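Remarks on the structure that follows.
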Amino acid sequence: LESGTPFWATGNDGAKVAGAILTEPTEDVRPGSAGKSAAALQSKKAALMGIGKFAAGNIFLGRFGGLKGINGLVFFGRPSTARPVALRGWVKYNQGVIDELGTVPTSRPDLKKGDPDEGQIFIAVGDWTADEYGGDADSPVSVDTSDESTFFNIKGKNVIGAGELIFTESTDGWIEFTIPMDYTTTSRVPTHMIIVCTGSRFGDYFTGSTGSLMLVDDLELVY
């Protein structure tokens, strides 16, 4: 609602300081959709105070927490006790070639300019707390893009169930996807849900392609 709290968020609040918009509506919707717009996630290089920083197009459950200098602070999660078996939706992905290299992820020390970019969609439910993860009651997981130790771990101890889809090539137009959830326990009840979609999965490291564009449409939880 106009006066309500948004369930979804993007990196636009940070990028707009540098005059860039990463995520916006597009009329290119999936075939047969009853809706009139999809979300277009465009990775870009934004210049702030004369310094260029790569920013990945994204949309996620949570809120944008602000800027620390030229680095972003993001709060992941929204309250939910649900245990879906899958996340289903439609995606259209144009894979770019990495042309911006910030820092190299420890998991991918060989990553370099000229390598193909990768898109990512993931979902997780868990029992994260603001006290431990630095966020707030609604969005407990705080991610500081200047501190790799804060980056979200889909296999972390407070993750109860999760699933992800990595895009290593462009799609042939719109495709439907289903991401099954893998649960580690049947007894723990989630407190929050996290969903992230991005055209450049290493965007937290300011690494990716300005040619990467992901469109997502008609997401639904499967039970």
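In the structure tokens, the first chain shown is A, the next is B, and so on; residue numbers restart at 1 for each chain, and ligands run from 1 in the order shown.
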Tyr183 in chain A: which residues within 9 Å, counting only C-alpha atoms, same-chain residues fewer than 5 positions away excluded, as a PyMOL selection string? chain A and resi 83+85+159-162
For Ala39 in chain A, list every protein, DNA or RNA residue within 8 Å, evaluated using only C-alpha atoms, and leave out those in the same chain fewer than 2 positions away; present the list as a list in words.
-> Thr23, Glu24, Pro25, Thr26, Ser37, Leu41, Leu215, Val216 and Asp217 of chain A
The selected residues should be written to file as an mmCIF file, in the first residue's frame (atoms: N, CA and C atoms).
data_model
loop_
_atom_site.group_PDB
_atom_site.id
_atom_site.type_symbol
_atom_site.label_atom_id
_atom_site.label_comp_id
_atom_site.auth_asym_id
_atom_site.auth_seq_id
_atom_site.Cartn_x
_atom_site.Cartn_y
_atom_site.Cartn_z
ATOM 1 N N THR A 23 16.758 -1.561 -11.332
ATOM 2 C CA THR A 23 15.580 -2.415 -11.440
ATOM 3 C C THR A 23 14.360 -1.558 -11.720
ATOM 4 N N GLU A 24 13.624 -1.897 -12.768
ATOM 5 C CA GLU A 24 12.438 -1.128 -13.123
ATOM 6 C C GLU A 24 11.446 -2.013 -13.865
ATOM 7 N N PRO A 25 10.208 -1.565 -14.002
ATOM 8 C CA PRO A 25 9.216 -2.365 -14.707
ATOM 9 C C PRO A 25 9.511 -2.431 -16.201
ATOM 10 N N THR A 26 9.111 -3.546 -16.811
ATOM 11 C CA THR A 26 9.171 -3.676 -18.258
ATOM 12 C C THR A 26 7.857 -4.271 -18.732
ATOM 13 N N SER A 37 3.315 -6.031 -16.441
ATOM 14 C CA SER A 37 4.734 -5.698 -16.315
ATOM 15 C C SER A 37 5.483 -6.803 -15.591
ATOM 16 N N LEU A 41 16.010 -6.449 -14.289
ATOM 17 C CA LEU A 41 17.165 -6.257 -13.412
ATOM 18 C C LEU A 41 18.395 -6.050 -14.286
ATOM 19 N N LEU A 215 15.115 -10.659 -16.486
ATOM 20 C CA LEU A 215 13.709 -10.324 -16.307
ATOM 21 C C LEU A 215 13.050 -11.440 -15.518
ATOM 22 N N VAL A 216 12.263 -11.092 -14.495
ATOM 23 C CA VAL A 216 11.538 -12.098 -13.714
ATOM 24 C C VAL A 216 10.068 -11.722 -13.666
ATOM 25 N N ASP A 217 9.208 -12.741 -13.650
ATOM 26 C CA ASP A 217 7.778 -12.508 -13.714
ATOM 27 C C ASP A 217 7.018 -13.653 -13.039
#
key: Shell of 6 Å around range 51-63 of chain A, only C-alpha atoms, local chain residues under 6 positions omitted, as a list in words   = Trp8, Ala9, Thr10, Leu22, Thr23, Leu41, Gln42, Ser43, Lys44, Lys45, Phe75, Phe76, Gly77, Arg78, Ser139, Ile194, Ile195, Val196, Cys197, Thr198, Gly199, Ser200, Gly203 and Phe206 of chain A
Can you write just those residues out, C-alpha atoms, as a CSV table (one decimal), in the first residue's frame?
chain,number,residue,atom,x,y,z
A,8,TRP,CA,10.2,-6.4,-1.9
A,9,ALA,CA,13.2,-4.1,-2.3
A,10,THR,CA,16.0,-3.3,-4.8
A,22,LEU,CA,19.0,-0.9,-11.8
A,23,THR,CA,15.6,-2.4,-11.4
A,41,LEU,CA,17.2,-6.3,-13.4
A,42,GLN,CA,20.0,-4.5,-15.3
A,43,SER,CA,23.5,-4.5,-14.0
A,44,LYS,CA,25.3,-1.1,-14.5
A,45,LYS,CA,28.3,0.9,-13.5
A,75,PHE,CA,18.8,-6.0,5.1
A,76,PHE,CA,17.5,-9.4,3.9
A,77,GLY,CA,14.3,-11.2,4.9
A,78,ARG,CA,10.7,-10.8,5.7
A,139,SER,CA,14.7,-8.1,8.0
A,194,ILE,CA,14.7,-14.6,1.9
A,195,ILE,CA,14.4,-14.5,-1.9
A,196,VAL,CA,17.0,-12.8,-4.1
A,197,CYS,CA,17.1,-12.5,-7.9
A,198,THR,CA,20.1,-10.9,-9.6
A,199,GLY,CA,21.6,-10.7,-13.1
A,200,SER,CA,25.1,-10.8,-11.6
A,203,GLY,CA,27.5,-8.2,-7.5
A,206,PHE,CA,31.3,-5.3,-7.4
Spatial neighbours of Thr178 in chain A, 7 Å, only C-alpha atoms, chain gap at least 6 places, as a PyMOL selection string
chain A and resi 86-89
Same residues, N, CA and C atoms, output as a short mmCIF file (atom, residue, chain, number, x, y, z; two decimals), in the first residue's frame:
data_model
loop_
_atom_site.label_atom_id
_atom_site.label_comp_id
_atom_site.auth_asym_id
_atom_site.auth_seq_id
_atom_site.Cartn_x
_atom_site.Cartn_y
_atom_site.Cartn_z
N ALA A 86 8.85 -25.39 -3.02
CA ALA A 86 9.55 -24.88 -4.19
C ALA A 86 9.18 -23.42 -4.44
N LEU A 87 10.05 -22.75 -5.20
CA LEU A 87 9.76 -21.43 -5.75
C LEU A 87 9.64 -21.59 -7.26
N ARG A 88 8.53 -21.12 -7.81
CA ARG A 88 8.29 -21.26 -9.25
C ARG A 88 8.09 -19.88 -9.86
N GLY A 89 8.48 -19.74 -11.12
CA GLY A 89 8.30 -18.46 -11.78
C GLY A 89 8.81 -18.52 -13.21
#
Min atom-atom distance to Phe64 in chain A from the set A:Pro6, A:Gly126, A:Pro79, A:Pro31, counting only C-alpha atoms, belongs to A:Pro6
* To do: Tell me which of A:Met214, A:Val143, A:Ala137, A:Ala34 sits closest to Asn94 in chain A, counting only C-alpha atoms.
  =>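 Once distances to Asn94 in chain A are computed over only C-alpha atoms, the minimum belongs to A:Met214.
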Take CA of Trp174 in chain A and CA of Asn12 in chain A and report the distance between them in Å, one decimal.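 Computing it gives 24.3 Å between the two atoms.
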Exercise for the section: Return as a ChimeraX atom specification the full set of residues in range 38-201 of chain A whose backbone-based DSSP assignment is helix (DSSP H, G or I). Expected result: /A:130-133,148-150
Nearby residues (only C-alpha atoms) at most 8 Å from Glu100 in chain A, same-chain spacing under 2 positions excluded, as a CSV table (one decimal) with N, CA, C and O atoms, in the first residue's frame:
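selection_33.csv written:
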chain,number,residue,atom,x,y,z
A,54,PHE,N,30.5,-0.9,-9.8
A,54,PHE,CA,29.6,-1.8,-10.5
A,54,PHE,C,28.5,-2.1,-9.5
A,54,PHE,O,28.7,-2.4,-8.3
A,98,ILE,N,31.9,-10.5,-18.2
A,98,ILE,CA,32.4,-9.7,-17.1
A,98,ILE,C,33.3,-8.6,-17.6
A,98,ILE,O,34.4,-8.9,-18.2
A,102,GLY,N,35.7,-6.0,-9.4
A,102,GLY,CA,36.0,-5.3,-8.1
A,102,GLY,C,36.9,-6.2,-7.3
A,102,GLY,O,38.2,-6.0,-7.4
A,113,LYS,N,38.2,-10.7,-15.9
A,113,LYS,CA,37.5,-10.0,-17.0
A,113,LYS,C,37.5,-10.9,-18.2
A,113,LYS,O,38.5,-11.5,-18.5
A,206,PHE,N,31.2,-6.3,-6.4
A,206,PHE,CA,31.3,-5.3,-7.4
A,206,PHE,C,31.9,-5.9,-8.7
A,206,PHE,O,32.7,-5.2,-9.4
A,207,THR,N,31.5,-7.1,-8.9
A,207,THR,CA,32.1,-7.9,-10.1
A,207,THR,C,30.9,-8.4,-10.9
A,207,THR,O,29.9,-8.9,-10.4
A,208,GLY,N,31.0,-8.2,-12.3
A,208,GLY,CA,29.9,-8.7,-13.1
A,208,GLY,C,30.0,-8.0,-14.5
A,208,GLY,O,31.0,-7.4,-14.9
A,209,SER,N,28.9,-8.1,-15.2
A,209,SER,CA,28.8,-7.5,-16.6
A,209,SER,C,27.7,-6.5,-16.7
A,209,SER,O,26.6,-6.7,-16.3
A,210,THR,N,28.1,-5.4,-17.3
A,210,THR,CA,27.1,-4.3,-17.6
A,210,THR,C,26.2,-4.7,-18.7
A,210,THR,O,25.2,-4.0,-19.0
* **Shell of 12 Å around Arg108 in chain A, only C-alpha atoms, local chain residues under 2 positions omitted, as an MDAnalysis selection string** => chainID A and resid 103:106 110:112 115 201:202 205 207
Could the residues in this selection be written to a file with all heavy atoms, as a short mmCIF file (atom, residue, chain, number, x, y, z; two decimals), in the first residue's frame?
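File produced: part.cif:
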data_model
loop_
_atom_site.label_atom_id
_atom_site.label_comp_id
_atom_site.auth_asym_id
_atom_site.auth_seq_id
_atom_site.Cartn_x
_atom_site.Cartn_y
_atom_site.Cartn_z
N THR A 103 36.40 -7.01 -6.44
CA THR A 103 37.23 -7.98 -5.73
C THR A 103 36.86 -9.37 -6.22
O THR A 103 35.79 -9.58 -6.79
CB THR A 103 37.01 -7.89 -4.21
OG1 THR A 103 35.61 -8.09 -3.92
CG2 THR A 103 37.44 -6.54 -3.67
N VAL A 104 37.75 -10.32 -5.99
CA VAL A 104 37.52 -11.69 -6.47
C VAL A 104 36.98 -12.53 -5.32
O VAL A 104 37.58 -12.56 -4.23
CB VAL A 104 38.82 -12.30 -7.00
CG1 VAL A 104 38.59 -13.74 -7.44
CG2 VAL A 104 39.36 -11.47 -8.17
N PRO A 105 35.84 -13.20 -5.50
CA PRO A 105 35.30 -14.05 -4.43
C PRO A 105 36.28 -15.14 -4.04
O PRO A 105 36.98 -15.70 -4.89
CB PRO A 105 34.03 -14.65 -5.07
CG PRO A 105 33.71 -13.75 -6.21
CD PRO A 105 35.00 -13.21 -6.71
N THR A 106 36.34 -15.47 -2.75
CA THR A 106 37.24 -16.53 -2.30
C THR A 106 36.86 -17.87 -2.91
O THR A 106 37.72 -18.74 -3.08
CB THR A 106 37.20 -16.64 -0.77
OG1 THR A 106 35.84 -16.78 -0.34
CG2 THR A 106 37.78 -15.38 -0.13
N ASP A 110 39.79 -17.67 -9.57
CA ASP A 110 40.22 -17.60 -10.96
C ASP A 110 39.39 -16.63 -11.79
O ASP A 110 39.67 -16.41 -12.97
CB ASP A 110 40.13 -18.99 -11.59
CG ASP A 110 38.71 -19.56 -11.52
OD1 ASP A 110 38.00 -19.24 -10.54
OD2 ASP A 110 38.31 -20.31 -12.43
N LEU A 111 38.38 -16.01 -11.20
CA LEU A 111 37.47 -15.15 -11.93
C LEU A 111 38.21 -13.93 -12.49
O LEU A 111 39.01 -13.30 -11.80
CB LEU A 111 36.34 -14.69 -11.01
CG LEU A 111 35.01 -14.29 -11.66
CD1 LEU A 111 34.40 -15.48 -12.38
CD2 LEU A 111 34.05 -13.77 -10.59
N LYS A 112 37.94 -13.60 -13.76
CA LYS A 112 38.64 -12.49 -14.39
C LYS A 112 37.75 -11.83 -15.45
O LYS A 112 36.71 -12.38 -15.84
CB LYS A 112 39.93 -12.98 -15.04
CG LYS A 112 39.73 -14.02 -16.14
CD LYS A 112 41.04 -14.56 -16.63
CE LYS A 112 40.84 -15.55 -17.79
NZ LYS A 112 40.02 -16.70 -17.41
N ASP A 115 35.41 -13.39 -18.56
CA ASP A 115 34.66 -14.60 -18.22
C ASP A 115 33.16 -14.30 -18.32
O ASP A 115 32.74 -13.15 -18.17
CB ASP A 115 34.97 -15.04 -16.78
CG ASP A 115 36.35 -15.66 -16.64
OD1 ASP A 115 36.95 -15.98 -17.69
OD2 ASP A 115 36.82 -15.80 -15.50
N ARG A 201 25.56 -12.56 -10.06
CA ARG A 201 25.58 -13.17 -8.73
C ARG A 201 26.76 -12.73 -7.87
O ARG A 201 26.75 -12.88 -6.65
CB ARG A 201 25.57 -14.70 -8.85
CG ARG A 201 26.82 -15.31 -9.45
CD ARG A 201 26.74 -16.82 -9.56
NE ARG A 201 26.76 -17.47 -8.28
CZ ARG A 201 27.37 -18.67 -8.07
NH1 ARG A 201 27.95 -19.31 -9.07
NH2 ARG A 201 27.36 -19.21 -6.88
N PHE A 202 27.81 -12.16 -8.51
CA PHE A 202 28.95 -11.68 -7.74
C PHE A 202 28.90 -10.16 -7.55
O PHE A 202 29.91 -9.51 -7.34
CB PHE A 202 30.26 -12.09 -8.41
CG PHE A 202 30.42 -13.58 -8.54
CD1 PHE A 202 30.50 -14.18 -9.79
CD2 PHE A 202 30.46 -14.39 -7.42
CE1 PHE A 202 30.62 -15.55 -9.91
CE2 PHE A 202 30.59 -15.77 -7.53
CZ PHE A 202 30.66 -16.36 -8.78
N TYR A 205 30.53 -8.31 -4.72
CA TYR A 205 31.97 -8.06 -4.86
C TYR A 205 32.25 -6.97 -5.89
O TYR A 205 33.39 -6.79 -6.29
CB TYR A 205 32.68 -9.35 -5.28
CG TYR A 205 32.52 -10.50 -4.30
CD1 TYR A 205 31.45 -11.38 -4.38
CD2 TYR A 205 33.45 -10.71 -3.28
CE1 TYR A 205 31.30 -12.44 -3.49
CE2 TYR A 205 33.32 -11.76 -2.39
CZ TYR A 205 32.24 -12.62 -2.50
OH TYR A 205 32.10 -13.66 -1.62
N THR A 207 31.54 -7.14 -8.95
CA THR A 207 32.06 -7.86 -10.10
C THR A 207 30.90 -8.38 -10.94
O THR A 207 29.94 -8.94 -10.41
CB THR A 207 32.94 -9.05 -9.65
OG1 THR A 207 34.14 -8.53 -9.04
CG2 THR A 207 33.32 -9.95 -10.81
#
Discussion item. When you count only C-alpha atoms, which of these residues is closest to Asn158 in chain A: A:Ala20, A:Met193, A:Leu221, A:Ala15?
Written reply: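 For Asn158 in chain A, the nearest of the given residues is A:Met193.
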| request: Report as number ranges by chain: the residues of range 21-179 of chain A with a DSSP assignment of strand (DSSP E or B), based on the backbone of this structure. | output: A: 23-26, 38-42, 44-48, 51-55, 58-68, 71-76, 78-79, 86-94, 97, 100, 116, 119-126, 134, 141-144, 159-167, 175-179
Those selected residues, please, written with C-alpha atoms and delivered as a PDB file, in the first residue's frame.
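Output file selection.pdb is given in full below:
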ATOM      1  CA  THR A  23      15.580  -2.415 -11.440  1.00  0.00           C
ATOM      2  CA  GLU A  24      12.438  -1.128 -13.123  1.00  0.00           C
ATOM      3  CA  PRO A  25       9.216  -2.365 -14.707  1.00  0.00           C
ATOM      4  CA  THR A  26       9.171  -3.676 -18.258  1.00  0.00           C
ATOM      5  CA  ALA A  38       7.703  -7.785 -15.226  1.00  0.00           C
ATOM      6  CA  ALA A  39      10.808  -6.767 -13.264  1.00  0.00           C
ATOM      7  CA  ALA A  40      13.888  -5.907 -15.341  1.00  0.00           C
ATOM      8  CA  LEU A  41      17.165  -6.257 -13.412  1.00  0.00           C
ATOM      9  CA  GLN A  42      19.952  -4.463 -15.306  1.00  0.00           C
ATOM     10  CA  LYS A  44      25.285  -1.147 -14.459  1.00  0.00           C
ATOM     11  CA  LYS A  45      28.337   0.872 -13.482  1.00  0.00           C
ATOM     12  CA  ALA A  46      27.313   3.833 -11.349  1.00  0.00           C
ATOM     13  CA  ALA A  47      29.626   6.779 -10.724  1.00  0.00           C
ATOM     14  CA  LEU A  48      29.475   8.309  -7.251  1.00  0.00           C
ATOM     15  CA  ILE A  51      34.304   6.898  -8.408  1.00  0.00           C
ATOM     16  CA  GLY A  52      32.756   4.202 -10.583  1.00  0.00           C
ATOM     17  CA  LYS A  53      31.229   1.185  -8.827  1.00  0.00           C
ATOM     18  CA  PHE A  54      29.602  -1.825 -10.468  1.00  0.00           C
ATOM     19  CA  ALA A  55      26.056  -2.479  -9.254  1.00  0.00           C
ATOM     20  CA  ASN A  58      18.481  -7.119  -8.237  1.00  0.00           C
ATOM     21  CA  ILE A  59      15.222  -7.576  -6.399  1.00  0.00           C
ATOM     22  CA  PHE A  60      14.936  -9.175  -2.968  1.00  0.00           C
ATOM     23  CA  LEU A  61      12.800  -9.654   0.132  1.00  0.00           C
ATOM     24  CA  GLY A  62      13.931  -7.036   2.629  1.00  0.00           C
ATOM     25  CA  ARG A  63      14.981  -3.418   2.470  1.00  0.00           C
ATOM     26  CA  PHE A  64      17.882  -1.267   1.378  1.00  0.00           C
ATOM     27  CA  GLY A  65      19.621   0.031   4.489  1.00  0.00           C
ATOM     28  CA  GLY A  66      21.628   2.888   3.026  1.00  0.00           C
ATOM     29  CA  LEU A  67      25.181   3.661   1.957  1.00  0.00           C
ATOM     30  CA  LYS A  68      28.434   3.405   3.942  1.00  0.00           C
ATOM     31  CA  ASN A  71      29.308   0.689  -0.278  1.00  0.00           C
ATOM     32  CA  GLY A  72      25.780  -0.623   0.200  1.00  0.00           C
ATOM     33  CA  LEU A  73      24.053  -1.881   3.326  1.00  0.00           C
ATOM     34  CA  VAL A  74      21.227  -4.344   2.660  1.00  0.00           C
ATOM     35  CA  PHE A  75      18.798  -6.027   5.071  1.00  0.00           C
ATOM     36  CA  PHE A  76      17.530  -9.424   3.866  1.00  0.00           C
ATOM     37  CA  ARG A  78      10.653 -10.764   5.661  1.00  0.00           C
ATOM     38  CA  PRO A  79       8.663 -12.452   8.473  1.00  0.00           C
ATOM     39  CA  ALA A  86       9.553 -24.879  -4.193  1.00  0.00           C
ATOM     40  CA  LEU A  87       9.764 -21.427  -5.754  1.00  0.00           C
ATOM     41  CA  ARG A  88       8.288 -21.259  -9.254  1.00  0.00           C
ATOM     42  CA  GLY A  89       8.302 -18.463 -11.784  1.00  0.00           C
ATOM     43  CA  TRP A  90       9.411 -17.208 -15.167  1.00  0.00           C
ATOM     44  CA  VAL A  91      12.767 -15.756 -16.150  1.00  0.00           C
ATOM     45  CA  LYS A  92      14.462 -14.309 -19.215  1.00  0.00           C
ATOM     46  CA  TYR A  93      18.220 -13.900 -18.943  1.00  0.00           C
ATOM     47  CA  ASN A  94      20.761 -12.238 -21.193  1.00  0.00           C
ATOM     48  CA  VAL A  97      30.748 -10.944 -20.256  1.00  0.00           C
ATOM     49  CA  GLU A 100      33.861  -4.950 -14.182  1.00  0.00           C
ATOM     50  CA  PRO A 116      30.894 -15.086 -18.602  1.00  0.00           C
ATOM     51  CA  GLY A 119      22.707 -14.869 -12.861  1.00  0.00           C
ATOM     52  CA  GLN A 120      21.156 -16.242  -9.691  1.00  0.00           C
ATOM     53  CA  ILE A 121      17.777 -16.789  -8.069  1.00  0.00           C
ATOM     54  CA  PHE A 122      17.626 -18.275  -4.584  1.00  0.00           C
ATOM     55  CA  ILE A 123      15.155 -18.770  -1.770  1.00  0.00           C
ATOM     56  CA  ALA A 124      15.829 -19.579   1.873  1.00  0.00           C
ATOM     57  CA  VAL A 125      13.777 -19.877   5.037  1.00  0.00           C
ATOM     58  CA  GLY A 126      15.403 -19.776   8.452  1.00  0.00           C
ATOM     59  CA  GLY A 134      22.855  -7.167  12.545  1.00  0.00           C
ATOM     60  CA  VAL A 141      20.195 -10.404   7.993  1.00  0.00           C
ATOM     61  CA  SER A 142      22.411  -7.367   7.387  1.00  0.00           C
ATOM     62  CA  VAL A 143      24.854  -7.484   4.459  1.00  0.00           C
ATOM     63  CA  ASP A 144      27.625  -4.885   4.192  1.00  0.00           C
ATOM     64  CA  VAL A 159      19.081 -21.813   7.231  1.00  0.00           C
ATOM     65  CA  ILE A 160      16.276 -24.360   7.629  1.00  0.00           C
ATOM     66  CA  GLY A 161      15.504 -24.856   3.946  1.00  0.00           C
ATOM     67  CA  ALA A 162      16.873 -23.409   0.708  1.00  0.00           C
ATOM     68  CA  GLY A 163      17.165 -23.764  -3.049  1.00  0.00           C
ATOM     69  CA  GLU A 164      18.957 -21.863  -5.804  1.00  0.00           C
ATOM     70  CA  LEU A 165      19.239 -21.641  -9.570  1.00  0.00           C
ATOM     71  CA  ILE A 166      22.453 -20.427 -11.231  1.00  0.00           C
ATOM     72  CA  PHE A 167      22.333 -19.168 -14.823  1.00  0.00           C
ATOM     73  CA  ILE A 175      11.437 -19.953 -19.621  1.00  0.00           C
ATOM     74  CA  GLU A 176       9.521 -21.313 -16.648  1.00  0.00           C
ATOM     75  CA  PHE A 177      11.600 -22.502 -13.701  1.00  0.00           C
ATOM     76  CA  THR A 178      10.995 -24.436 -10.482  1.00  0.00           C
ATOM     77  CA  ILE A 179      13.525 -24.326  -7.654  1.00  0.00           C
TER      78      ILE A 179
END
Using only C-alpha atoms, the best pick from A:Asn153, A:Gly96, A:Pro180, A:Ser187 as closest to Gly114 in chain A would be A:Gly96
